[in-house]
Amino acid sequence: MSVFSQSFSPCGRFLAAGNNYGEIAVFSLSSALSPDATDLSQKPILTFTAHEGPVFSLLSTDSHLLSAGNGEISAWSWAELIKRNTKAAWTKRPNYKSSLEIPEINAMTINPTENSLVIGGGDNNIHIMDLESGVFKSVLQGHTDYIHCLSVREREGEILSGSEDGAVRIWDYRTGQSVHCIEVYKYEECARPQYGKWISCLTTDSDWMLCGGGPSLSLWHLRSMSPTSIFPLSGCQRQANFYQDMILSVGEGQCVSHCLLGGEVKAQIPCTPHSLNTLALNLNSTEHRVLTVGGSSHQMDVFTNLSYRTFSLSF
């Protein structure tokens, strides 16, 4: 079993995780972090089947847990999940070109400015859904292969997308136009032809972008559209986040990498799964502030201190 995705509840007291069997498990962080925690405290308070195929992406809004699978997105009320009610509040499908087409939805993010849900996946397109009405209002077209990852630069009115085609595209979400296209694999310092050109992770922080996959994980200055740091991490990185003055990254290999913005790898912390897909930081609650990591295992590691694994949750 592999854990593909994670999301914390708005209050930060609960963690949801999705696997490749279409199941979602909800864990109580209050119980797991309690001084009186037992083995049972580290198991789900609820497990249910969300999709027929894998759960590729999870995302929380102020009130709902959103889950993406093959061709569809479903929403569950957090208030109802905590009461063990697993009936979906709604299920939506983007407007695909063909009714026979069932592409996986690999990535979701929220655009707070427009209160919209941005999704990308196997049809090479970005679909934007108005969260208030539930209507898909626009499609951004330009990638020539699967979209793996998305990020929003709210202040600039931009969406960034990373794809199997090797490009990071920057879109003006007000006009729906692609305003920049960075083909990362064409930069010699980033290129790793042996791994391919695909972009599997992408995140932004103000004028900075972090991306990687086949190409090396790299930090880019978005005003100059140039890479400033290349991180010497082996294998393909699947998720990376900015955290304070560091970068946290996971991918092929059994560790969370702590990197400095200048390009140095400060530490590599061993994890339980042999290969890692997802990391999540719980910044919604000071009481339950943790880093969780999942991958090719039924166990997800929990770090209360970034320097070592505290315990594992069992799916």
# chains A, B, ... in the order shown; residues from 1 in each chain; ligands from 1

$ residues_around --residues "Gly120 of chain A" --least-positions-apart "4" --cutoff "12 Å" --atoms "only C-alpha atoms" --output "NGL selection string"
:A and (56-57 or 68-73 or 94 or 96 or 103-109 or 124-129 or 139-143 or 145-151 or 159-164)

$ residues_around --residues "Gln239 of chain A" --least-positions-apart "2" --cutoff "6 Å" --atoms "only C-alpha atoms" --output "PDB file with N, CA, C and O atoms, in the first residue's frame"
ATOM      1  N   CYS A 201       7.047  18.186  -8.614  1.00  0.00           N
ATOM      2  CA  CYS A 201       6.750  18.997  -7.432  1.00  0.00           C
ATOM      3  C   CYS A 201       6.993  20.469  -7.744  1.00  0.00           C
ATOM      4  O   CYS A 201       7.880  20.810  -8.538  1.00  0.00           O
ATOM      5  N   GLN A 237      12.456  14.084  -6.786  1.00  0.00           N
ATOM      6  CA  GLN A 237      11.738  14.640  -5.631  1.00  0.00           C
ATOM      7  C   GLN A 237      10.254  14.763  -5.974  1.00  0.00           C
ATOM      8  O   GLN A 237       9.898  15.220  -7.057  1.00  0.00           O
ATOM      9  N   SER A 249      12.077  18.430   1.628  1.00  0.00           N
ATOM     10  CA  SER A 249      11.780  17.710   0.387  1.00  0.00           C
ATOM     11  C   SER A 249      11.774  16.206   0.620  1.00  0.00           C
ATOM     12  O   SER A 249      12.539  15.681   1.435  1.00  0.00           O
ATOM     13  N   VAL A 250      10.874  15.520  -0.118  1.00  0.00           N
ATOM     14  CA  VAL A 250      10.833  14.051  -0.091  1.00  0.00           C
ATOM     15  C   VAL A 250      10.703  13.532  -1.515  1.00  0.00           C
ATOM     16  O   VAL A 250      10.234  14.227  -2.410  1.00  0.00           O
ATOM     17  N   THR A 278       4.742  12.105  -0.091  1.00  0.00           N
ATOM     18  CA  THR A 278       4.032  13.282   0.398  1.00  0.00           C
ATOM     19  C   THR A 278       4.552  13.722   1.759  1.00  0.00           C
ATOM     20  O   THR A 278       4.907  12.900   2.599  1.00  0.00           O
TER      21      THR A 278
END

$ residues_around --residues "segment 18-33 of chain A" --least-positions-apart "3" --cutoff "7 Å" --atoms "only C-alpha atoms" --output "number ranges by chain"
A: 1-6, 13-15, 37, 41-55, 288, 315

$ atom_distance --atom1 "atom CA of Leu210 of chain A" --atom2 "atom CA of Ile269 of chain A"
20.3 Å

$ atom_distance --atom1 "atom CA of Glu154 of chain A" --atom2 "atom CA of Thr91 of chain A"
26.3 Å

$ atom_distance --atom1 "atom CA of Ala191 of chain A" --atom2 "atom CA of Pro215 of chain A"
4.9 Å

$ select_by_dssp --residues "segment 77-315 of chain A" --states "helix (DSSP H, G or I)" --output "ChimeraX atom specification"
/A:78-82,184-186

$ select_by_dssp --residues "segment 34-112 of chain A" --states "strand (DSSP E or B)" --output "PyMOL selection string"
chain A and resi 46-49+57-60+64-68+70+73-77+90-92+104-111

$ residues_around --residues "Glu114 of chain A" --least-positions-apart "2" --cutoff "10 Å" --atoms "only C-alpha atoms" --output "list in words"
Ile110, Asn111, Pro112, Ser116, Leu117, Met129, Asp130, Leu131, Glu132, Glu154, Gly157, Tyr173 and Arg174 of chain A

$ write_last_selection --atoms "N, CA, C and O atoms" --output "PDB file, in the first residue's frame"
ATOM      1  N   ILE A 110      -6.261  25.858  -3.824  1.00  0.00           N
ATOM      2  CA  ILE A 110      -7.302  26.873  -3.681  1.00  0.00           C
ATOM      3  C   ILE A 110      -6.746  28.223  -4.134  1.00  0.00           C
ATOM      4  O   ILE A 110      -5.612  28.573  -3.802  1.00  0.00           O
ATOM      5  N   ASN A 111      -7.553  28.967  -4.886  1.00  0.00           N
ATOM      6  CA  ASN A 111      -7.250  30.361  -5.184  1.00  0.00           C
ATOM      7  C   ASN A 111      -8.153  31.211  -4.288  1.00  0.00           C
ATOM      8  O   ASN A 111      -9.334  31.399  -4.591  1.00  0.00           O
ATOM      9  N   PRO A 112      -7.617  31.714  -3.157  1.00  0.00           N
ATOM     10  CA  PRO A 112      -8.474  32.419  -2.198  1.00  0.00           C
ATOM     11  C   PRO A 112      -9.087  33.694  -2.761  1.00  0.00           C
ATOM     12  O   PRO A 112     -10.202  34.065  -2.389  1.00  0.00           O
ATOM     13  N   SER A 116     -11.951  29.902  -5.580  1.00  0.00           N
ATOM     14  CA  SER A 116     -12.078  28.857  -6.599  1.00  0.00           C
ATOM     15  C   SER A 116     -11.128  27.708  -6.318  1.00  0.00           C
ATOM     16  O   SER A 116     -10.110  27.863  -5.632  1.00  0.00           O
ATOM     17  N   LEU A 117     -11.479  26.553  -6.851  1.00  0.00           N
ATOM     18  CA  LEU A 117     -10.666  25.347  -6.766  1.00  0.00           C
ATOM     19  C   LEU A 117      -9.974  25.158  -8.113  1.00  0.00           C
ATOM     20  O   LEU A 117     -10.625  25.163  -9.160  1.00  0.00           O
ATOM     21  N   MET A 129     -12.909  25.693 -10.771  1.00  0.00           N
ATOM     22  CA  MET A 129     -14.283  25.566 -10.296  1.00  0.00           C
ATOM     23  C   MET A 129     -14.587  26.640  -9.262  1.00  0.00           C
ATOM     24  O   MET A 129     -13.803  26.834  -8.325  1.00  0.00           O
ATOM     25  N   ASP A 130     -15.695  27.329  -9.433  1.00  0.00           N
ATOM     26  CA  ASP A 130     -16.163  28.284  -8.437  1.00  0.00           C
ATOM     27  C   ASP A 130     -16.692  27.507  -7.232  1.00  0.00           C
ATOM     28  O   ASP A 130     -17.615  26.705  -7.370  1.00  0.00           O
ATOM     29  N   LEU A 131     -16.109  27.727  -6.053  1.00  0.00           N
ATOM     30  CA  LEU A 131     -16.480  26.925  -4.887  1.00  0.00           C
ATOM     31  C   LEU A 131     -17.870  27.271  -4.364  1.00  0.00           C
ATOM     32  O   LEU A 131     -18.522  26.435  -3.745  1.00  0.00           O
ATOM     33  N   GLU A 132     -18.331  28.478  -4.613  1.00  0.00           N
ATOM     34  CA  GLU A 132     -19.657  28.861  -4.117  1.00  0.00           C
ATOM     35  C   GLU A 132     -20.761  28.208  -4.934  1.00  0.00           C
ATOM     36  O   GLU A 132     -21.716  27.655  -4.383  1.00  0.00           O
ATOM     37  N   GLU A 154      -1.002  34.396  -5.243  1.00  0.00           N
ATOM     38  CA  GLU A 154      -2.226  35.180  -5.080  1.00  0.00           C
ATOM     39  C   GLU A 154      -1.993  36.659  -5.379  1.00  0.00           C
ATOM     40  O   GLU A 154      -2.791  37.301  -6.055  1.00  0.00           O
ATOM     41  N   GLY A 157      -1.771  37.346  -9.053  1.00  0.00           N
ATOM     42  CA  GLY A 157      -2.873  36.864  -9.881  1.00  0.00           C
ATOM     43  C   GLY A 157      -2.445  35.753 -10.823  1.00  0.00           C
ATOM     44  O   GLY A 157      -2.889  35.706 -11.974  1.00  0.00           O
ATOM     45  N   TYR A 173      -4.575  34.131 -14.114  1.00  0.00           N
ATOM     46  CA  TYR A 173      -5.875  33.478 -13.953  1.00  0.00           C
ATOM     47  C   TYR A 173      -7.043  34.416 -14.260  1.00  0.00           C
ATOM     48  O   TYR A 173      -8.176  33.976 -14.400  1.00  0.00           O
ATOM     49  N   ARG A 174      -6.764  35.713 -14.408  1.00  0.00           N
ATOM     50  CA  ARG A 174      -7.851  36.634 -14.769  1.00  0.00           C
ATOM     51  C   ARG A 174      -8.165  36.558 -16.263  1.00  0.00           C
ATOM     52  O   ARG A 174      -9.311  36.718 -16.672  1.00  0.00           O
TER      53      ARG A 174
END

$ closest_residue --among "A:Asn284, A:Gln194, A:Ser224, A:Ser74" --to "His180 of chain A" --atoms "only C-alpha atoms"
A:Ser224

$ residues_around --residues "Gly294 of chain A" --least-positions-apart "2" --cutoff "9 Å" --atoms "only C-alpha atoms" --output "PyMOL selection string"
chain A and resi 2-6+17+271-273+275-280+292+296-301

$ residues_around --residues "Leu217 of chain A" --least-positions-apart "5" --cutoff "9 Å" --atoms "only C-alpha atoms" --output "list in words"
Cys190, Cys201, Leu210, Cys211, Gly212, Ser229, Ile230, Phe231, Pro232, Leu233, Cys236, Gln237, Ala240 and Ser249 of chain A

$ write_last_selection --atoms "N, CA, C and O atoms" --output "mmCIF file, in the first residue's frame"
data_model
loop_
_atom_site.group_PDB
_atom_site.id
_atom_site.type_symbol
_atom_site.label_atom_id
_atom_site.label_comp_id
_atom_site.auth_asym_id
_atom_site.auth_seq_id
_atom_site.Cartn_x
_atom_site.Cartn_y
_atom_site.Cartn_z
ATOM 1 N N CYS A 190 20.205 22.150 -14.292
ATOM 2 C CA CYS A 190 19.073 21.413 -13.713
ATOM 3 C C CYS A 190 18.864 20.055 -14.380
ATOM 4 O O CYS A 190 18.259 19.158 -13.779
ATOM 5 N N CYS A 201 7.047 18.186 -8.614
ATOM 6 C CA CYS A 201 6.750 18.997 -7.432
ATOM 7 C C CYS A 201 6.993 20.469 -7.744
ATOM 8 O O CYS A 201 7.880 20.810 -8.538
ATOM 9 N N LEU A 210 10.017 26.799 -6.272
ATOM 10 C CA LEU A 210 10.764 25.574 -6.046
ATOM 11 C C LEU A 210 10.151 24.507 -6.931
ATOM 12 O O LEU A 210 8.933 24.316 -6.915
ATOM 13 N N CYS A 211 10.965 23.820 -7.736
ATOM 14 C CA CYS A 211 10.409 22.765 -8.578
ATOM 15 C C CYS A 211 11.452 21.682 -8.822
ATOM 16 O O CYS A 211 12.665 21.905 -8.706
ATOM 17 N N GLY A 212 10.977 20.498 -9.158
ATOM 18 C CA GLY A 212 11.881 19.382 -9.430
ATOM 19 C C GLY A 212 11.099 18.173 -9.893
ATOM 20 O O GLY A 212 9.882 18.186 -10.007
ATOM 21 N N SER A 229 19.542 28.317 -7.062
ATOM 22 C CA SER A 229 20.144 27.223 -6.283
ATOM 23 C C SER A 229 19.701 25.891 -6.865
ATOM 24 O O SER A 229 18.529 25.715 -7.203
ATOM 25 N N ILE A 230 20.643 24.968 -6.975
ATOM 26 C CA ILE A 230 20.354 23.600 -7.414
ATOM 27 C C ILE A 230 20.701 22.683 -6.243
ATOM 28 O O ILE A 230 21.811 22.749 -5.704
ATOM 29 N N PHE A 231 19.779 21.832 -5.845
ATOM 30 C CA PHE A 231 19.986 20.996 -4.664
ATOM 31 C C PHE A 231 20.506 19.616 -5.074
ATOM 32 O O PHE A 231 19.882 18.943 -5.905
ATOM 33 N N PRO A 232 21.628 19.186 -4.508
ATOM 34 C CA PRO A 232 22.259 17.917 -4.914
ATOM 35 C C PRO A 232 21.593 16.695 -4.276
ATOM 36 O O PRO A 232 22.231 15.934 -3.530
ATOM 37 N N LEU A 233 20.312 16.503 -4.577
ATOM 38 C CA LEU A 233 19.567 15.371 -4.028
ATOM 39 C C LEU A 233 19.458 14.293 -5.095
ATOM 40 O O LEU A 233 19.150 14.580 -6.247
ATOM 41 N N CYS A 236 14.297 11.333 -7.896
ATOM 42 C CA CYS A 236 13.281 12.328 -8.239
ATOM 43 C C CYS A 236 12.566 12.785 -6.967
ATOM 44 O O CYS A 236 12.121 11.952 -6.173
ATOM 45 N N GLN A 237 12.456 14.084 -6.786
ATOM 46 C CA GLN A 237 11.738 14.640 -5.631
ATOM 47 C C GLN A 237 10.254 14.763 -5.974
ATOM 48 O O GLN A 237 9.898 15.220 -7.057
ATOM 49 N N ALA A 240 8.017 19.176 -2.202
ATOM 50 C CA ALA A 240 8.939 20.069 -1.496
ATOM 51 C C ALA A 240 8.170 21.273 -0.990
ATOM 52 O O ALA A 240 7.254 21.748 -1.659
ATOM 53 N N SER A 249 12.077 18.430 1.628
ATOM 54 C CA SER A 249 11.780 17.710 0.387
ATOM 55 C C SER A 249 11.774 16.206 0.620
ATOM 56 O O SER A 249 12.539 15.681 1.435
#

$ closest_residue --among "A:Ile82, A:Cys11, A:Leu59, A:Ala75" --to "Val118 of chain A" --atoms "only C-alpha atoms"
A:Leu59

$ closest_residue --among "A:Ser234, A:Thr310, A:Ser7, A:Thr203" --to "Trp220 of chain A" --atoms "only C-alpha atoms"
A:Thr203

$ closest_residue --among "A:Ser285, A:Trp198, A:Leu306, A:Thr38" --to "Ile247 of chain A" --atoms "only C-alpha atoms"
A:Leu306

$ closest_residue --among "A:Thr204, A:Ser138, A:Gly121, A:Pro227" --to "Glu158 of chain A" --atoms "only C-alpha atoms"
A:Thr204
